[in-house]
Every structure is written in structure tokens, then in C-alpha cells.
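Structure first, then comments.
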Amino acid sequence: MVELAAVTKRYGSAVAVDAISLKIKAGSYCCLLGPSGCGKTSTLRMIAGHEDVTDGDIVVGHRVVNDDPPARRGTAMMFQSYALFPHLSVAENVAFSLRMKGVDRNNRRARADEMLKLVSMEDYADRSPNQLSGGQQQRVALARALMTEPSVLLLDEPLSALDPFLRVRMRSELRRIQAELGITFIHVTHSQEEAMALADLVVVMKDGRIAQSGPPREIYNAPRNRFVAQFMGGHNIIEDSGRTIAVRADELEVRPADAPGGGHSAVVREVEYRGPDVRLSLETEAGEALTAVMGERAFFDGRITPGARVCVGWRPDAVHALAQDA
Amino acid sequence: MTHAADTDAAVRTGRTAARGRRKGRRRGSAIAPYLQAAPMALVFLIFFVLPLAATVLVSFWQYTQYSIEPAFTAQNYGDVFYGCLRDLPNLCTTFRTYLSTLKFGLIVWAATLVIGFTIAYFLAFHVRTLKVQVILFIICTIPFWTSIVIRMISWIPLLGRNGLVNQTLLFMGAIDTPLEGLLYSDFAVILAMVHLYTLFMVVPIFNSLMRIDRALIEAARDAGATGFQTLAFVILPLAKPGILIGSIFVVTVVMGDFLTIGIMGGQQIASVGKVIQTQMQFLQFPLAAANAVILLVAVLGGVWALLRLVDIRKEL
């Protein structure tokens with residue numbers, strides 16, 4: 001279990017992390033999500049012990065670890081740049097922590113091979129890191145971090161340097177390894193897609209505070225405020241009779257203007273074909289921009305073209321009221 | 001699918017651009033790079049390679065007390081090592097001189113390495129802003145602002161028999177009679193050299209250290225490395241190219257030195273450079289040339305050995 005109690009980080013007078021409190025259950029996959037500068041990386045680095053805590057407590061397991069060095073916290077970090085030692089081979093990189101502990105060469109090699117097998121890199125043990133592709137380096141970095149048998153693995157934007165195709169593949173790989181080892185993963189990302197795909201617990205951060213935390217489905221379907229709704233994407237934020245509501249883009253019903261059913265009148269500004277669905281940019285009479293996503297078939301069955309006048313409506317249960325922004 | 005298509009398009013435009021560049025180079029400016037390199041190459045050729053070749057040539061010439069004759073002989077090399085094999089295990093003058101020079105080389109190398117690495121480490125890891133780094137660097141270059149003679153002279157009031165150091169020690173009661181060995185001694189020579197040449201170590205090592213990704217140090221700490229282990233297993237191996245370049249600078253400069261050893265040693269300490277200078281004063285140019293060639297071979301041998309230790313092309 002990892003628990004943050006009013007954890008604060010100040011750099012001089014600038015507050016990077018502002019009294020964050022959070023509980024992460026053992027064995028869960030947690031994503032810290034937010035735009036750059038929201039304090040997510042500082043939070044991760046404080047848990048790792050690479051950044052001092054200005055105020056508050058960090059608990060890993062049942063121990064306050066504020067003053068422990070990184071290696072004694074039961075955490076391991078996987079760095080954004082992978083931080084593989086360029087002068088050591090892949091196997092030596094993976095076994096680095098064992099070498100520091102004074103484990104003999106044969107044992108080190110055996111354990112390194114075991115770890116490399118877990119990330120399917122056993123054939124590359126004697127290569128040098130700069131002979132590997134980004135994805136392969138990442139696997140080695142993962143193996144190296146897992147070598148210390150951490151109870152919590154901390155991942156700093158692990159997928160951001162990979163191409164989109166590889167990113168999706170590594171995503172399922174991370175999920176598989178996490179399930180296999182049963183340890184807690186805390187993963188920093190700015191991609192809401194990544195967070196939703198991976199996490200049991202998504203923590204959306206903004207300006208050093210937690211904007212909302214919860215299971216991905218809860219966050220996506222019931223964003224607390226405008227920021228979360230916007231950041232998670234796929235939502236239309238509408239001012240409706242004095243309150244702010246969010247309606248998912250795929251819950252908007254777009255019909256030709258003359259079809260029965262009523263609703264807000266709007267003009268189609270843009271149509272984007274995306275394969276399984278079609279994304280419509282609409283403009284209401286009030287000048288509000290809306291986005292609707294409709295199934296490919298439904299779109300091509302209708303008579304909606306750019307510039308067409310349409311009617312936009314939504315079911316009452318699709319409406320989610322947002323709290324005013326803090 | 002769209003993604004793949006995008007990539008294809010990107011690759012295609014990339015290729016077209018590359019083709020355009022290649023064509024441009026072929027059209028007119030193929031010799032431009034050579035022209036850019038030419039001035040330095042010419043200077044190097046005329047003022048370094050030619051004299052060096054002349055030196056090697058002259059080292060095989062004959063000479064009398066008043067003339068040099070362009071006739072081939074290996075006699076000069078024989079003269080340099082005259083009696084050296086016969087006298088073994090006692091060392092002949094030449095061997096002793098080389099050994100003494102080598103001793104200075106090793107001591108100065110070790111001292112500049114330790115001090116230089118420490119300074120470079122401080123500059124690279126503890127000084128956070130570029131501005132302060134630059135200022136501290138400029139301070140390191142202060143010894144180079146004055147001429148060698150002034151620098152040497154200014155040691156006298158500090159280290160002389162009645163100099164500051166002796167006066168202070170006497171005053172403190174640490175010694176009863178002034179120390180004689182401070183000036184005009186091995187110690188003085190080493191001090192002067194270390195104080196000057198440490199910068200040659202600082203610059204390349206600093207450069208190497210600055211290129212170390214700071215995340216590597218955190219990764220080492222994360223893996224449980226102590227500060228000393230991080231230094232030994234991560235920082236030192238990655239600083240190797242800088243250490244090597246600095247070592248080559250220092251060793252070659254010290255091995256060929258005659259001015260510092262002459263002045264700071266009170267003209268009492270033998271060095272290969274000093275021997276060569278003396279022989280030139282007596283117009284024994286072929287003999288001096290032979291000595292110079294031997295020194296050159298010795299130093300190049302040392303550099304070659306250092307390069308064997310680190311594959312510098314791979315590391316740069």
C-alpha cells in the first residue's frame with residue numbers, strides 16, 4: 001500500500017505539489033494523469049525518494065519513508081529516458097543492483113537472465129544498450145527496475161518516447177507484468193487514453209492538486225468539473241439553464257433539421273471520418289461548439305453533410321452536471 | 001492504416017529532400033569542405049610535419065664541433081645510449097634522465113588527475129547555473145594570464161628560504177629552521193606543474209561529466225548504490241574519455257618540459273628536455289635531434305598505450 005498524507009513540494013516560493021492526500025491499494029495499477037507542470041512527476045519522484053518532501057508523509061507498506069534512501073523504500077523507478085548505463089551490457093544493467101549488493105558474478109548473471117526472460121529480452125543479454133531500439137531499451141529498464149524486487153514500481157512517462165504502435169503493445173505488456181507480479185504500479189502519464197487503458201485508479205492532477213481520483217470508468221463518465229471533463233476528452237461542456245453540464249460526444253443525437261424529435265438547432269462545420277465512427281464538429285445557434293461522434297453506419301444512413309442544418313439532442317440520463325471549477 | 005500512409009509519405013518527402021541535397025553538393029561545392037580544412041592543414045604541414053621530418057632526418061646526420069654533414073649514420077643514437085647496456089644494472093645518465101622525467105610525468109599526472117577530477121566533479125555536479133560555472137572556469141585559467149617567467153618568479157617570495165611559507169611555519173613554531181626544499185627542488189617543480197596543468201585535466205573531464213545523463217546517477221541510487229559505488233561504477237567509467245584526453249595533454253607536456261624544471265629546479269634537475277636544450281646550445285644538432293626522436297617515440301608509445309585502454313572513437 002502507498003499512502004500520501006498532505007504531501008507538499010515547494011521549490012523556493014513555487015508550489016509544485018500542494019498537500020496531496022492519496023491512498024493506493026497494494027497490487028493496484030495507479031496512473032497519475034495531468035498536463036505538464038501539474039505536479040505528477042514531482043509526486044512520483046517524492047515517492048521514489050529522488051526528491052525531498054517539503055511537508056507531509058509518504059507511507060509505503062506500513063512505514064513512513066520520508067527520510068529513507070530510494071533503495072530502502074521498497075520502490076523502484078523506471079526513468080523516462082530509461083537511464084540505462086551506456087558502458088554496461090544489457091545483462092550488467094539488469095544485474096546492477098545485485099552487483100551493488102555484492103552478489104557474485106554467476107548468480108548475478110542467472111538472475112539477470114531470469115528477469116530478461118520476463119520481458120522477452122533474453123536474446124539480447126550481451127548487447128550494449130545503444131544497440132537496442134527504444135522499445136527494447138524500455139524492456140531492459142523494466143527488467144532492471146524489477147530486479148530489486150520492489151513492492152511498488154514507479155514509472156515516469158514510460159511510453160511517451162515510443163511510436164504509437166509500440167505504445168499500444170507495451171501497454172498490454174505492462175498490464176501483463178503487473179498482473180503476473182502482483183505489485184503496485186504507479187505510472188505517470190499525460191495521455192488520458194493510456195491512463196484509461198491501464199489503470200485501476202486514475203488520479204487526475206492540476207496545479208499541484210488532485211482534481212479527481214477514481215476508477216477510469218467513473219472518471220470518464222462522471223468528471224467532477226470542467227477541467228477533468230475537458231482533459232479526459234470526449235465530452236461536450238454545455239452551459240444549460242444556469243448550470244454547467246457535460247454530455248459525452250457519443251451521446252449526442254444528431255438528426256437532420258426536418259426530422260421529428262426536436263432539440264437544439266446547429267450547423268455542421270466539419271466532418272471527420274475515423275473508420276469505426278465519424279466525428280462531427282457542430283456550431284449551435286448560440287455560437288457554442290459541440291462535438292458529436294456517431295457510428296459510421298448511422299452517419300452514412302443519414303443525410304448529414306458539411307454545412308447542413310441539423311438538430312442536436314440528448315437523452316436526459318446522458319446529462320452529467322459539473323461542479324464549478326475550483 | 002492512415003498512420004502507415006502518413007509514415008510512407010514522410011519517408012518519401014524525406015528521400016526527395018535527401019536527393020535534392022545530394023544533387024546540390026555534386027553540382028558545385030564538392031571541394032568546399034576541403035577548402036575549409038585547408039588553412040589548418042597547411043599550417044600543420046609547414047610548421048609541424050616538415051620540421052618534424054627535418055628533425056628525424058638530421059638525427060641521422062654526422063656532425064663535428066663546427067659543422068653538420070648530411071651523411072647517414074646511426075652514431076647519434078648510439079651516443080645517446082653510450083655505455084647504458086654495459087653499466088647495467090647501474091643506470092646510465094640517459095636512463096636516469098628519462099626515469100627522472102618519467103617520475104615527474106607520473107607524479108604530476110596523478111596529482112592533476114585527482115585534483116582535476118575533483119574540480120570537474122564539483123563544477124559539473126554541484127554548480128547548478130551555467131553562469132557560475134563559466135566564472136569558476138575563468139578563475140581556473142588565471143595561471144595562464146601571466147607569462148611563465150613571471151609565474152616562476154612569483155613563487156620565490158612564497159617558497160623561498162625567507163618566503164611566506166617558511167616565515168609562517170617558523171612563526172607558528174612548526175619548524176625551527178627554514179625548510180630548504182620548498183624552492184629549487186622536485187617539490188617546487190611538481191607544484192608549479194600541477195598548478196598550471198590541472199586545467200588541462202579539468203576541461204576534458206568536465207566535458208565528459210556534463211554529458212552524463214543525471215538520470216543515470218538517480219538510477220544508480222535507485223538500485224541501491226552508495227555514493228562511492230555510483231562514483232566507481234557509473235561516473236568514473238563514463239568520465240574515462242575525458243580522463244584519457246586530459247592525461248595525454250598533461251603527460252606529453254610534462255615529458256617535454258625544460259623551462260619549468262629548469263627554473264623551479266634551480267637548474268639542478270636533469271630532464272630530457274633540458275638535455276636536448278643543452279645539446280643545442282653546444283650546436284650538437286644531430287645529437288639533440290636523436291634525443292628528440294627518442295623522446296617523441298617514448299611519448300607516442302605512452303599515448304598509444306593510453307589509447308589501448310580506452311577506445312576513444314567509441315567513447316566520444
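Residues are named by chain letter and number: chains run A, B, ... in the order of the C-alpha cells, numbers start at 1 in each chain, and ligands are numbered from 1 in the order shown.
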Next on the checklist: Could you tell me which residues of chain A sit within 12 Å of chain B when counting only C-alpha atoms, and give me the result as a PyMOL selection string?
Outcome noted: chain A and resi 45+47-51+68-88+92-102+130+141-150+153-154+156+163-165+273-275
Item to check | Who sits within 10 Å of region 234-239 of chain A, only C-alpha atoms, same chain under 6 positions skipped, as number ranges by chain | outcome: A: 220-221, 223, 225-226, 228, 245-252, 288-293, 319-322
Checklist entry - Got a sec: who's within 12 Å of Lys40 (chain A), counting only C-alpha atoms, leaving out chain neighbours fewer than 6 positions off, as JSON, numbers by chain? => result {"A": [8, 9, 16, 17, 18, 20, 30, 31, 32, 33, 34, 46, 47, 154, 155, 156, 157, 186, 187, 188, 189, 190, 202, 203, 204, 205, 206, 207, 208, 209, 210, 211]}
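Between CA of Val194 (chain B) and CA of Thr112 (chain B) lies a distance of 5.7 Å.
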Item to check | Spatial neighbours of region 273-282 of chain B, 7 Å, only C-alpha atoms, chain gap at least 6 places, as JSON, numbers by chain | outcome: {"B": [256, 257, 258, 288, 291, 292]}
Based on the selection just made, write N, CA and C atoms of those residues as a PDB file, in the first residue's frame.
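Saved result, result_14.pdb, follows:
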ATOM      1  N   GLY B 256      58.005  16.754 -22.118  1.00  0.00           N
ATOM      2  CA  GLY B 256      58.838  17.582 -22.978  1.00  0.00           C
ATOM      3  C   GLY B 256      59.320  18.859 -22.299  1.00  0.00           C
ATOM      4  N   ASP B 257      58.912  19.049 -21.050  1.00  0.00           N
ATOM      5  CA  ASP B 257      59.204  20.331 -20.413  1.00  0.00           C
ATOM      6  C   ASP B 257      60.686  20.500 -20.096  1.00  0.00           C
ATOM      7  N   PHE B 258      61.214  21.713 -20.310  1.00  0.00           N
ATOM      8  CA  PHE B 258      62.555  22.010 -19.795  1.00  0.00           C
ATOM      9  C   PHE B 258      62.578  23.329 -19.040  1.00  0.00           C
ATOM     10  N   ALA B 288      70.985  16.254 -30.541  1.00  0.00           N
ATOM     11  CA  ALA B 288      69.736  16.772 -29.978  1.00  0.00           C
ATOM     12  C   ALA B 288      68.536  16.195 -30.723  1.00  0.00           C
ATOM     13  N   ASN B 291      67.931  12.670 -29.687  1.00  0.00           N
ATOM     14  CA  ASN B 291      67.267  12.660 -28.387  1.00  0.00           C
ATOM     15  C   ASN B 291      65.787  13.017 -28.510  1.00  0.00           C
ATOM     16  N   ALA B 292      65.535  14.011 -29.340  1.00  0.00           N
ATOM     17  CA  ALA B 292      64.148  14.443 -29.536  1.00  0.00           C
ATOM     18  C   ALA B 292      63.313  13.319 -30.125  1.00  0.00           C
TER      19      ALA B 292
END
Next on the checklist: Set the distance at 9 Å and use only C-alpha atoms: which residues neighbour Gln62 (chain B) once local chain neighbours fewer than 5 positions away are removed? I'd like the list as a list in words.
Outcome noted: Ser67, Ile68, Glu69, Pro70, Ala71, Phe72, Thr73, Ala74, Gln75, Asn76, Pro286 and Leu287 of chain B
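Using only C-alpha atoms, the protein and nucleic acid residues lying no more than 12 Å from region 85-93 of chain B, apart from those fewer than 4 places from it along its own chain, are B:Gly78, B:Asp79, B:Val80, B:Phe81, B:Thr97, B:Tyr98, B:Leu99, B:Ser100, B:Ala270, B:Ser271, B:Val272, B:Val275.
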Residues of the last selection are to be written out with N, CA and C atoms, as a PDB file, in the first residue's frame.
ATOM      1  N   GLY B  78      73.525   5.792 -30.982  1.00  0.00           N
ATOM      2  CA  GLY B  78      74.484   5.052 -30.171  1.00  0.00           C
ATOM      3  C   GLY B  78      75.041   5.924 -29.062  1.00  0.00           C
ATOM      4  N   ASP B  79      75.332   7.190 -29.402  1.00  0.00           N
ATOM      5  CA  ASP B  79      75.900   8.109 -28.416  1.00  0.00           C
ATOM      6  C   ASP B  79      74.930   8.380 -27.270  1.00  0.00           C
ATOM      7  N   VAL B  80      73.650   8.512 -27.629  1.00  0.00           N
ATOM      8  CA  VAL B  80      72.652   8.790 -26.591  1.00  0.00           C
ATOM      9  C   VAL B  80      72.676   7.693 -25.535  1.00  0.00           C
ATOM     10  N   PHE B  81      72.780   6.460 -26.023  1.00  0.00           N
ATOM     11  CA  PHE B  81      72.736   5.331 -25.076  1.00  0.00           C
ATOM     12  C   PHE B  81      74.124   4.799 -24.780  1.00  0.00           C
ATOM     13  N   THR B  97      68.026  10.130 -16.621  1.00  0.00           N
ATOM     14  CA  THR B  97      67.298  11.333 -17.027  1.00  0.00           C
ATOM     15  C   THR B  97      65.869  10.982 -17.444  1.00  0.00           C
ATOM     16  N   TYR B  98      65.761   9.925 -18.253  1.00  0.00           N
ATOM     17  CA  TYR B  98      64.423   9.515 -18.689  1.00  0.00           C
ATOM     18  C   TYR B  98      63.568   9.103 -17.499  1.00  0.00           C
ATOM     19  N   LEU B  99      64.190   8.383 -16.585  1.00  0.00           N
ATOM     20  CA  LEU B  99      63.460   7.909 -15.417  1.00  0.00           C
ATOM     21  C   LEU B  99      62.979   9.091 -14.579  1.00  0.00           C
ATOM     22  N   SER B 100      63.875  10.084 -14.438  1.00  0.00           N
ATOM     23  CA  SER B 100      63.511  11.268 -13.660  1.00  0.00           C
ATOM     24  C   SER B 100      62.354  12.011 -14.339  1.00  0.00           C
ATOM     25  N   ALA B 270      67.890  17.178 -13.836  1.00  0.00           N
ATOM     26  CA  ALA B 270      68.003  16.764 -15.234  1.00  0.00           C
ATOM     27  C   ALA B 270      66.632  16.398 -15.778  1.00  0.00           C
ATOM     28  N   SER B 271      66.409  16.757 -17.043  1.00  0.00           N
ATOM     29  CA  SER B 271      65.221  16.278 -17.729  1.00  0.00           C
ATOM     30  C   SER B 271      65.591  16.112 -19.183  1.00  0.00           C
ATOM     31  N   VAL B 272      64.828  15.310 -19.899  1.00  0.00           N
ATOM     32  CA  VAL B 272      65.162  15.059 -21.295  1.00  0.00           C
ATOM     33  C   VAL B 272      65.135  16.370 -22.075  1.00  0.00           C
ATOM     34  N   VAL B 275      68.276  18.252 -21.480  1.00  0.00           N
ATOM     35  CA  VAL B 275      69.402  17.634 -22.191  1.00  0.00           C
ATOM     36  C   VAL B 275      69.412  18.104 -23.635  1.00  0.00           C
TER      37      VAL B 275
END
Item to check | region 63-261 of chain B: residues DSSP assigns to alpha helix (DSSP H), reported as a PyMOL selection string | outcome: chain B and resi 75-80+84-87+93-121+130-140+148-159+164-172+186-210+214-222+227-230+236-255+259-261
